[in-house]
$ cat query.cif   # mmCIF, C-alpha atoms
data_coords
#
loop_
_atom_site.label_atom_id
_atom_site.label_comp_id
_atom_site.auth_asym_id
_atom_site.auth_seq_id
_atom_site.Cartn_x
_atom_site.Cartn_y
_atom_site.Cartn_z
CA MET L 1 46.83 -73.95 53.14
CA PRO L 2 45.10 -75.17 56.30
CA ILE L 3 45.83 -73.46 59.61
CA PRO L 4 45.08 -75.22 62.93
CA ALA L 5 42.05 -73.79 64.70
CA GLU L 6 44.08 -73.06 67.82
CA VAL L 7 46.20 -70.56 65.87
CA THR L 8 44.30 -67.31 66.32
CA GLY L 9 46.83 -64.71 65.20
CA GLU L 10 46.95 -63.20 68.66
CA GLU L 11 50.30 -64.94 69.15
CA ILE L 12 52.22 -62.41 67.05
CA ASP L 13 54.30 -59.61 68.53
CA GLN L 14 52.61 -56.41 69.54
CA ASP L 15 54.67 -54.41 67.03
CA VAL L 16 53.50 -56.62 64.17
CA ARG L 17 49.90 -56.45 65.36
CA GLN L 18 50.21 -52.68 65.34
CA GLU L 19 51.32 -52.74 61.70
CA LEU L 20 48.36 -54.91 60.74
CA LEU L 21 45.91 -52.32 62.09
CA SER L 22 46.12 -50.64 58.69
CA LEU L 23 44.24 -53.62 57.22
CA PRO L 24 40.54 -54.49 57.48
CA LYS L 25 39.92 -56.61 60.58
CA GLY L 26 39.16 -59.89 58.81
CA LEU L 27 42.14 -59.53 56.49
CA ALA L 28 44.43 -58.59 59.39
CA GLU L 29 43.41 -61.78 61.21
CA ASP L 30 44.13 -63.93 58.15
CA VAL L 31 47.53 -62.34 57.69
CA ALA L 32 48.35 -62.67 61.38
CA ARG L 33 47.49 -66.39 61.41
CA ASN L 34 49.72 -67.03 58.39
CA LEU L 35 52.56 -65.10 60.03
CA VAL L 36 52.18 -67.23 63.15
CA MET L 37 52.52 -70.35 61.00
CA VAL L 38 55.69 -68.92 59.45
CA ALA L 39 57.19 -68.34 62.89
CA ASN L 40 56.15 -71.78 64.14
CA LEU L 41 57.53 -73.71 61.17
CA ILE L 42 60.57 -71.78 59.99
CA ASP L 43 63.04 -73.90 61.98
CA GLU L 44 61.50 -77.37 61.70
CA ASP L 45 59.91 -77.13 58.24
CA PRO L 46 61.20 -74.09 56.35
CA GLU L 47 59.55 -75.13 53.08
CA GLN L 48 56.11 -75.10 54.72
CA ALA L 49 56.94 -71.80 56.42
CA TYR L 50 57.84 -70.40 53.01
CA GLU L 51 54.44 -71.41 51.60
CA TYR L 52 52.60 -69.66 54.44
CA SER L 53 54.75 -66.58 53.94
CA ARG L 54 53.72 -66.43 50.28
CA ILE L 55 50.07 -66.43 51.30
CA ALA L 56 50.66 -63.60 53.76
CA LEU L 57 52.55 -61.74 51.05
CA ARG L 58 49.67 -62.07 48.59
CA LEU L 59 47.26 -60.75 51.22
CA ALA L 60 49.33 -57.80 52.49
CA SER L 61 52.41 -57.02 50.43
CA ARG L 62 52.47 -53.41 51.62
CA VAL L 63 53.07 -54.30 55.27
CA ALA L 64 56.75 -54.20 56.26
CA ALA L 65 56.41 -57.06 58.78
CA VAL L 66 54.96 -59.29 56.07
CA ARG L 67 57.82 -58.52 53.69
CA GLU L 68 60.30 -59.20 56.47
CA ALA L 69 58.68 -62.55 57.32
CA ALA L 70 58.69 -63.48 53.64
CA GLY L 71 62.37 -62.57 53.51
CA PHE L 72 63.29 -64.80 56.43
CA ALA L 73 61.26 -67.69 55.04
CA ALA L 74 63.03 -67.37 51.69
CA TYR L 75 66.37 -67.07 53.49
CA ALA L 76 65.66 -70.27 55.45
CA THR L 77 65.09 -72.13 52.17
CA GLN L 78 68.25 -70.64 50.63
CA LYS L 79 66.35 -68.51 48.13
CA TYR L 80 68.81 -65.72 48.72
CA SER L 81 67.93 -63.47 45.78
CA GLU L 82 64.26 -63.53 46.74
CA ALA L 83 65.09 -63.01 50.41
CA LEU L 84 67.25 -60.00 49.61
CA ALA L 85 64.48 -58.41 47.57
CA GLU L 86 62.01 -58.86 50.43
CA PHE L 87 64.45 -57.49 53.01
CA ARG L 88 65.12 -54.45 50.85
CA ALA L 89 61.39 -53.84 50.52
CA ALA L 90 60.88 -54.18 54.27
CA ARG L 91 63.73 -51.75 54.92
CA ARG L 92 62.30 -49.17 52.52
CA MET L 93 58.93 -49.39 54.25
CA SER L 94 60.17 -49.31 57.84
CA GLY L 95 63.33 -47.24 57.51
CA SER L 96 65.05 -49.64 59.94
CA VAL L 97 68.64 -50.84 59.51
CA GLU L 98 68.29 -53.98 61.62
CA LEU L 99 68.09 -56.21 58.52
CA TRP L 100 71.45 -54.96 57.23
CA PRO L 101 73.50 -58.00 58.41
CA VAL L 102 71.12 -60.60 56.97
CA MET L 103 70.96 -58.63 53.73
CA ALA L 104 74.74 -58.82 53.56
CA ASP L 105 74.58 -62.55 54.25
CA CYS L 106 72.19 -62.92 51.33
CA GLU L 107 74.93 -61.40 49.16
CA ARG L 108 77.23 -64.15 50.43
CA GLY L 109 74.61 -66.76 49.65
CA MET L 110 74.40 -65.43 46.10
CA GLY L 111 78.17 -65.86 45.72
CA ARG L 112 79.04 -62.18 46.13
CA PRO L 113 81.16 -62.01 49.31
CA GLU L 114 82.83 -58.81 48.14
CA ARG L 115 79.46 -57.04 48.30
CA ALA L 116 78.91 -58.35 51.82
CA LEU L 117 82.28 -56.91 52.82
CA ALA L 118 81.41 -53.59 51.25
CA MET L 119 78.19 -53.50 53.28
CA ALA L 120 80.21 -54.18 56.44
CA GLY L 121 81.93 -50.84 55.87
CA GLU L 122 78.80 -48.79 55.26
CA PRO L 123 77.51 -46.14 57.75
CA GLU L 124 74.41 -48.29 58.42
CA VAL L 125 76.54 -50.60 60.56
CA GLN L 126 77.13 -47.84 63.10
CA LYS L 127 73.37 -47.50 63.53
CA LEU L 128 72.97 -51.15 64.53
CA ASP L 129 72.65 -52.19 68.16
CA LYS L 130 75.38 -54.36 69.69
CA ALA L 131 73.76 -57.61 68.61
CA GLY L 132 73.45 -56.32 65.06
CA GLN L 133 77.07 -55.20 64.98
CA VAL L 134 78.24 -58.61 66.18
CA GLU L 135 76.07 -60.24 63.50
CA MET L 136 77.66 -57.99 60.90
CA ARG L 137 81.10 -59.00 62.14
CA LEU L 138 80.16 -62.68 61.73
CA VAL L 139 78.95 -62.06 58.19
CA ALA L 140 82.11 -60.13 57.30
CA ALA L 141 84.31 -62.92 58.67
CA GLY L 142 82.31 -65.44 56.66
CA ALA L 143 82.81 -63.34 53.55
CA ARG L 144 86.56 -63.29 54.18
CA ARG L 145 86.55 -67.09 54.41
CA ASP L 146 84.51 -67.29 51.20
CA MET L 147 87.28 -65.36 49.50
CA GLY L 148 89.99 -67.62 50.94
CA GLN L 149 91.23 -64.94 53.34
CA LEU L 150 91.36 -67.12 56.44
CA ASP L 151 93.80 -65.02 58.47
CA ALA L 152 91.73 -61.91 57.74
CA ALA L 153 88.60 -63.75 58.92
CA ILE L 154 90.31 -64.53 62.22
CA VAL L 155 91.36 -60.91 62.67
CA THR L 156 87.84 -59.73 61.82
CA LEU L 157 86.42 -61.78 64.68
CA GLN L 158 88.96 -60.51 67.21
CA SER L 159 87.10 -57.80 69.04
CA SER L 160 86.14 -56.47 72.45
CA GLU L 161 82.96 -58.57 72.25
CA LEU L 162 85.04 -61.73 71.76
CA ALA L 163 87.42 -60.85 74.58
CA SER L 164 84.64 -60.02 77.03
CA SER L 165 83.83 -62.55 79.76
CA ALA L 166 80.20 -61.40 79.80
CA VAL L 167 77.70 -63.75 78.19
CA HIS L 168 75.13 -62.37 75.75
CA PRO L 169 72.72 -64.13 73.35
CA TRP L 170 75.30 -63.83 70.58
CA THR L 171 78.38 -64.82 72.63
CA ALA L 172 78.32 -68.56 71.86
CA ARG L 173 78.01 -68.02 68.11
CA LEU L 174 80.85 -65.48 68.07
CA ARG L 175 83.16 -67.76 70.03
CA TYR L 176 82.18 -70.73 67.88
CA ALA L 177 82.92 -68.86 64.64
CA TYR L 178 86.32 -67.85 66.00
CA ALA L 179 87.11 -71.44 67.05
CA ASP L 180 86.06 -72.75 63.65
CA ALA L 181 88.28 -70.23 61.85
CA LEU L 182 91.23 -71.12 64.08
CA LEU L 183 90.73 -74.81 63.37
CA ALA L 184 90.56 -74.17 59.63
CA ALA L 185 93.89 -72.34 59.98
CA GLY L 186 95.44 -75.37 61.69
CA ARG L 187 95.63 -73.72 65.13
CA GLU L 188 94.07 -76.70 66.91
CA ASN L 189 95.03 -75.92 70.51
CA GLU L 190 93.56 -72.44 70.30
CA ALA L 191 90.52 -73.77 68.48
CA ARG L 192 89.86 -76.30 71.22
CA GLU L 193 90.07 -73.57 73.85
CA TRP L 194 87.51 -71.44 72.02
CA PHE L 195 85.15 -74.32 71.28
CA ALA L 196 85.19 -74.96 75.04
CA LYS L 197 84.42 -71.28 75.69
CA ALA L 198 81.61 -71.42 73.14
CA LEU L 199 80.14 -74.47 74.86
CA GLU L 200 80.39 -72.77 78.24
CA SER L 201 78.29 -69.85 77.01
CA ASP L 202 75.88 -71.89 74.88
CA LYS L 203 72.97 -72.34 77.27
CA ASP L 204 70.39 -72.75 74.50
CA GLY L 205 72.26 -75.24 72.31
CA ALA L 206 72.67 -72.76 69.46
CA THR L 207 75.92 -74.42 68.32
CA ASP L 208 77.32 -77.94 68.09
CA ALA L 209 80.41 -76.97 70.09
CA SER L 210 80.16 -80.10 72.25
CA ASP L 211 80.26 -82.32 69.15
CA ARG L 212 83.21 -80.43 67.74
CA LEU L 213 85.12 -80.82 71.00
CA ALA L 214 84.35 -84.53 71.10
CA GLU L 215 85.50 -84.87 67.51
CA MET L 216 88.78 -83.12 68.30
CA ASP L 217 89.28 -85.42 71.29
CA GLY L 218 88.67 -88.51 69.17
CA VAL L 219 85.42 -89.45 70.91
CA GLU L 220 83.07 -91.48 68.70
CA PHE L 221 79.38 -91.75 69.57
CA VAL L 222 77.62 -95.04 68.81
CA ASP L 223 74.02 -96.18 69.16
CA ALA L 224 73.01 -98.09 72.27
CA ILE L 225 72.95 -101.89 72.00
CA ASP L 226 69.38 -103.05 71.53
CA GLU L 227 70.04 -106.75 71.99
CA LEU L 228 72.90 -109.20 72.17
CA ASP L 229 72.87 -112.13 69.74
CA ALA L 230 74.82 -115.01 71.27
CA SER L 231 75.81 -116.28 67.83
CA ASP L 232 77.11 -112.89 66.71
CA ASP L 233 80.77 -112.13 67.42
CA ILE L 234 80.55 -108.42 66.56
CA ILE L 235 80.52 -107.58 70.28
CA GLY L 236 82.52 -109.72 72.63
CA THR L 237 81.51 -110.17 76.25
CA ASP L 238 84.95 -108.97 77.31
CA ASP L 239 83.99 -105.51 76.03
CA LEU L 240 80.85 -105.30 78.16
CA ASP L 241 80.34 -104.36 81.76
CA GLU L 242 79.49 -107.40 83.93
CA GLU L 243 76.23 -105.82 85.06
CA VAL L 244 75.20 -105.22 81.43
CA ILE L 245 76.02 -108.85 80.56
CA GLU L 246 73.88 -110.07 83.43
CA VAL L 247 70.90 -107.95 82.32
CA LEU L 248 71.20 -109.13 78.73
CA ALA L 249 71.50 -112.75 79.88
CA ASP L 250 68.33 -112.39 81.96
CA GLU L 251 66.51 -110.99 78.95
CA ARG L 252 67.63 -113.94 76.81
CA ASP L 253 66.52 -116.42 79.48
CA ALA L 254 63.11 -114.78 79.64
CA ASP L 255 62.81 -114.92 75.85
CA ASP L 256 63.80 -118.63 75.88
CA GLN L 257 61.16 -119.37 78.51
CA ASP L 258 58.51 -117.58 76.45
CA ASP L 259 59.52 -119.60 73.39
CA GLU L 260 59.34 -122.83 75.39
CA ARG L 261 55.84 -121.99 76.69
CA ASP L 262 54.68 -121.21 73.18
CA ALA L 263 56.05 -124.54 71.98
CA ASP L 264 54.24 -126.40 74.81
CA ASP L 265 51.00 -124.64 73.89
CA ASP L 266 51.42 -125.65 70.26
CA ARG L 267 52.02 -129.28 71.24
CA GLU L 268 48.91 -129.29 73.43
CA ASP L 269 46.84 -127.84 70.59
CA ASP L 270 48.13 -130.52 68.24
CA ALA L 271 47.26 -133.23 70.78
CA ASP L 272 43.74 -131.84 71.21
CA ARG L 273 43.17 -131.81 67.46
CA ARG L 274 44.40 -135.41 67.07
CA SER L 275 42.10 -136.56 69.85
#
$ encode --input "query.cif" --output "structure tokens"
Amino acid sequence: MPIPAEVTGEEIDQDVRQELLSLPKGLAEDVARNLVMVANLIDEDPEQAYEYSRIALRLASRVAAVREAAGFAAYATQKYSEALAEFRAARRMSGSVELWPVMADCERGMGRPERALAMAGEPEVQKLDKAGQVEMRLVAAGARRDMGQLDAAIVTLQSSELASSAVHPWTARLRYAYADALLAAGRENEAREWFAKALESDKDGATDASDRLAEMDGVEFVDAIDELDASDDIIGTDDLDEEVIEVLADERDADDQDDERDADDDREDDADRRS
């Protein structure tokens, strides 16, 4: 698959570059460039990212970072069995536990929420950093919901991290998951409060908390009016701001004048031809 010339491979993280040092220089550069393409495309075009990950995997299947990238690309395209296999391979190679939550979520994706819950109780969870432990809590709550245990999902999310007023990269997602569970349980007032808290902490737009709040408040978003057809009664002038009506009227007048000039030009052309 083609790779843009501006992608050099130098864009990858230092840790990944260090892993690639075990490869011949030319091969390491090829692998690095494919990994950069995976990272660049995984959100906007996961299928393309997956294809680049397969190339990197064929070139360097014994590099943990490559197996991890292949796992995330498969995960993004909902190939959960394949993703889990890649994550397991990466974990065996690196000895790291940081992939434990996403491995558990793969179990959920494969329709095995009970296995995800079992993983949430394993000793590996205690070795995770705070972000990883929060991620594991989110996965466990999702597994509870998969099993129809809504109240248990709510309790799972209730934690010191949820109660804290401090804002971390994972705060918005945790609050959002709690709000969503509350809403599913019919606790709308509490859900609205937590969607608002999620929005307050969501500086990067990681959730659609604003849309959920608007939906709960009965706000409906519509497309802007491109033009007003005088013969169309879909929108009445009583519903429009006077200033908007004036602008639209000016635009119609300008269009009418253009049409009139075009008609005059046509008449003059016809007269010239007849003469």
$ atom_distance --input "query.cif" --atom1 "CA of Asp180 (chain L)" --atom2 "CA of Arg112 (chain L)"
21.6 Å
$ atom_distance --input "query.cif" --atom1 "CA of Gln149 (chain L)" --atom2 "CA of Ala184 (chain L)"
11.2 Å
$ atom_distance --input "query.cif" --atom1 "CA of Gln78 (chain L)" --atom2 "CA of Gly109 (chain L)"
7.5 Å
$ resolve_selection --input "query.cif" --expression "the PyMOL selection byres ((chain L and resi 36-49) around 7)" --output "MDAnalysis selection string"
chainID L and resid 9 11:12 32:35 50:53 73 76:77
$ resolve_selection --input "query.cif" --expression "the PyMOL selection byres ((chain L and resi 176) around 7)" --output "number ranges by chain"
L: 172-175, 177-180, 194-195, 198, 209
$ resolve_selection --input "query.cif" --expression "the PyMOL selection byres ((chain L and resi 93) around 12)" --output "JSON, numbers by chain"
{"L": [19, 61, 62, 63, 64, 65, 66, 67, 68, 86, 87, 88, 89, 90, 91, 92, 94, 95, 96, 97]}
$ residues_near_point --input "query.cif" --point "(87.1, -68.4, 57.6)" --cutoff "9 Å" --atoms "only C-alpha atoms" --output "PyMOL selection string"
chain L and resi 141-154+177-178+180-182+184-185
$ closest_residue --input "query.cif" --among "L:Ala104, L:Gln158, L:Lys197, L:Met119" --to "Tyr80 (chain L)" --atoms "all atoms listed in the file"
L:Ala104
$ axis_aligned_box --input "query.cif" --around "region 173-192 of chain L" --padding-each-side "8 Å" --output "JSON"
{"center_x": 86.8, "center_y": -71.1, "center_z": 65.4, "size_x": 33.6, "size_y": 27.2, "size_z": 27.6}
$ residues_around --input "query.cif" --residues "region 200-206 of chain L" --least-positions-apart "4" --cutoff "7 Å" --atoms "only C-alpha atoms" --output "compact mmCIF listing (two decimals) with C-alpha atoms, in the coordinates of the input"
# COMPACT_ATOMS: atom_id res chain seq x y z
CA VAL L 167 77.70 -63.75 78.19
CA THR L 171 78.38 -64.82 72.63
CA ALA L 172 78.32 -68.56 71.86
CA ALA L 196 85.19 -74.96 75.04
$ closest_residue --input "query.cif" --among "L:Gly71, L:Pro169, L:Pro2, L:Pro113" --to "Lys130 (chain L)" --atoms "only C-alpha atoms"
L:Pro169
$ build_atoms --input "query.cif" --residues "region 104-116 of chain L" --atoms "N, CA, C and O atoms" --output "mmCIF file, in the coordinates of the input"
data_model
loop_
_atom_site.group_PDB
_atom_site.id
_atom_site.type_symbol
_atom_site.label_atom_id
_atom_site.label_comp_id
_atom_site.auth_asym_id
_atom_site.auth_seq_id
_atom_site.Cartn_x
_atom_site.Cartn_y
_atom_site.Cartn_z
ATOM 1 N N ALA L 104 73.362 -58.565 53.978
ATOM 2 C CA ALA L 104 74.740 -58.820 53.560
ATOM 3 C C ALA L 104 74.995 -60.323 53.428
ATOM 4 O O ALA L 104 75.696 -60.768 52.514
ATOM 5 N N ASP L 105 74.394 -61.104 54.341
ATOM 6 C CA ASP L 105 74.580 -62.550 54.250
ATOM 7 C C ASP L 105 73.898 -63.126 53.018
ATOM 8 O O ASP L 105 74.352 -64.136 52.470
ATOM 9 N N CYS L 106 72.819 -62.509 52.587
ATOM 10 C CA CYS L 106 72.190 -62.920 51.330
ATOM 11 C C CYS L 106 73.164 -62.725 50.160
ATOM 12 O O CYS L 106 73.215 -63.546 49.237
ATOM 13 N N GLU L 107 73.918 -61.639 50.201
ATOM 14 C CA GLU L 107 74.930 -61.400 49.160
ATOM 15 C C GLU L 107 75.947 -62.545 49.161
ATOM 16 O O GLU L 107 76.351 -63.023 48.094
ATOM 17 N N ARG L 108 76.328 -62.985 50.341
ATOM 18 C CA ARG L 108 77.230 -64.150 50.430
ATOM 19 C C ARG L 108 76.576 -65.379 49.816
ATOM 20 O O ARG L 108 77.207 -66.119 49.057
ATOM 21 N N GLY L 109 75.315 -65.595 50.165
ATOM 22 C CA GLY L 109 74.610 -66.760 49.650
ATOM 23 C C GLY L 109 74.493 -66.749 48.138
ATOM 24 O O GLY L 109 74.424 -67.814 47.509
ATOM 25 N N MET L 110 74.496 -65.572 47.551
ATOM 26 C CA MET L 110 74.400 -65.430 46.100
ATOM 27 C C MET L 110 75.787 -65.472 45.450
ATOM 28 O O MET L 110 75.914 -65.244 44.239
ATOM 29 N N GLY L 111 76.813 -65.755 46.257
ATOM 30 C CA GLY L 111 78.170 -65.860 45.720
ATOM 31 C C GLY L 111 78.848 -64.533 45.493
ATOM 32 O O GLY L 111 79.740 -64.418 44.638
ATOM 33 N N ARG L 112 78.441 -63.513 46.285
ATOM 34 C CA ARG L 112 79.040 -62.180 46.130
ATOM 35 C C ARG L 112 79.600 -61.702 47.467
ATOM 36 O O ARG L 112 79.120 -60.722 48.055
ATOM 37 N N PRO L 113 80.616 -62.388 48.005
ATOM 38 C CA PRO L 113 81.160 -62.010 49.310
ATOM 39 C C PRO L 113 81.762 -60.616 49.338
ATOM 40 O O PRO L 113 81.760 -59.956 50.377
ATOM 41 N N GLU L 114 82.249 -60.148 48.186
ATOM 42 C CA GLU L 114 82.830 -58.810 48.140
ATOM 43 C C GLU L 114 81.772 -57.742 48.423
ATOM 44 O O GLU L 114 82.072 -56.707 49.034
ATOM 45 N N ARG L 115 80.537 -57.992 48.011
ATOM 46 C CA ARG L 115 79.460 -57.040 48.300
ATOM 47 C C ARG L 115 79.113 -57.057 49.787
ATOM 48 O O ARG L 115 78.786 -56.021 50.371
ATOM 49 N N ALA L 116 79.159 -58.254 50.375
ATOM 50 C CA ALA L 116 78.910 -58.350 51.820
ATOM 51 C C ALA L 116 79.957 -57.566 52.584
ATOM 52 O O ALA L 116 79.646 -56.857 53.554
#
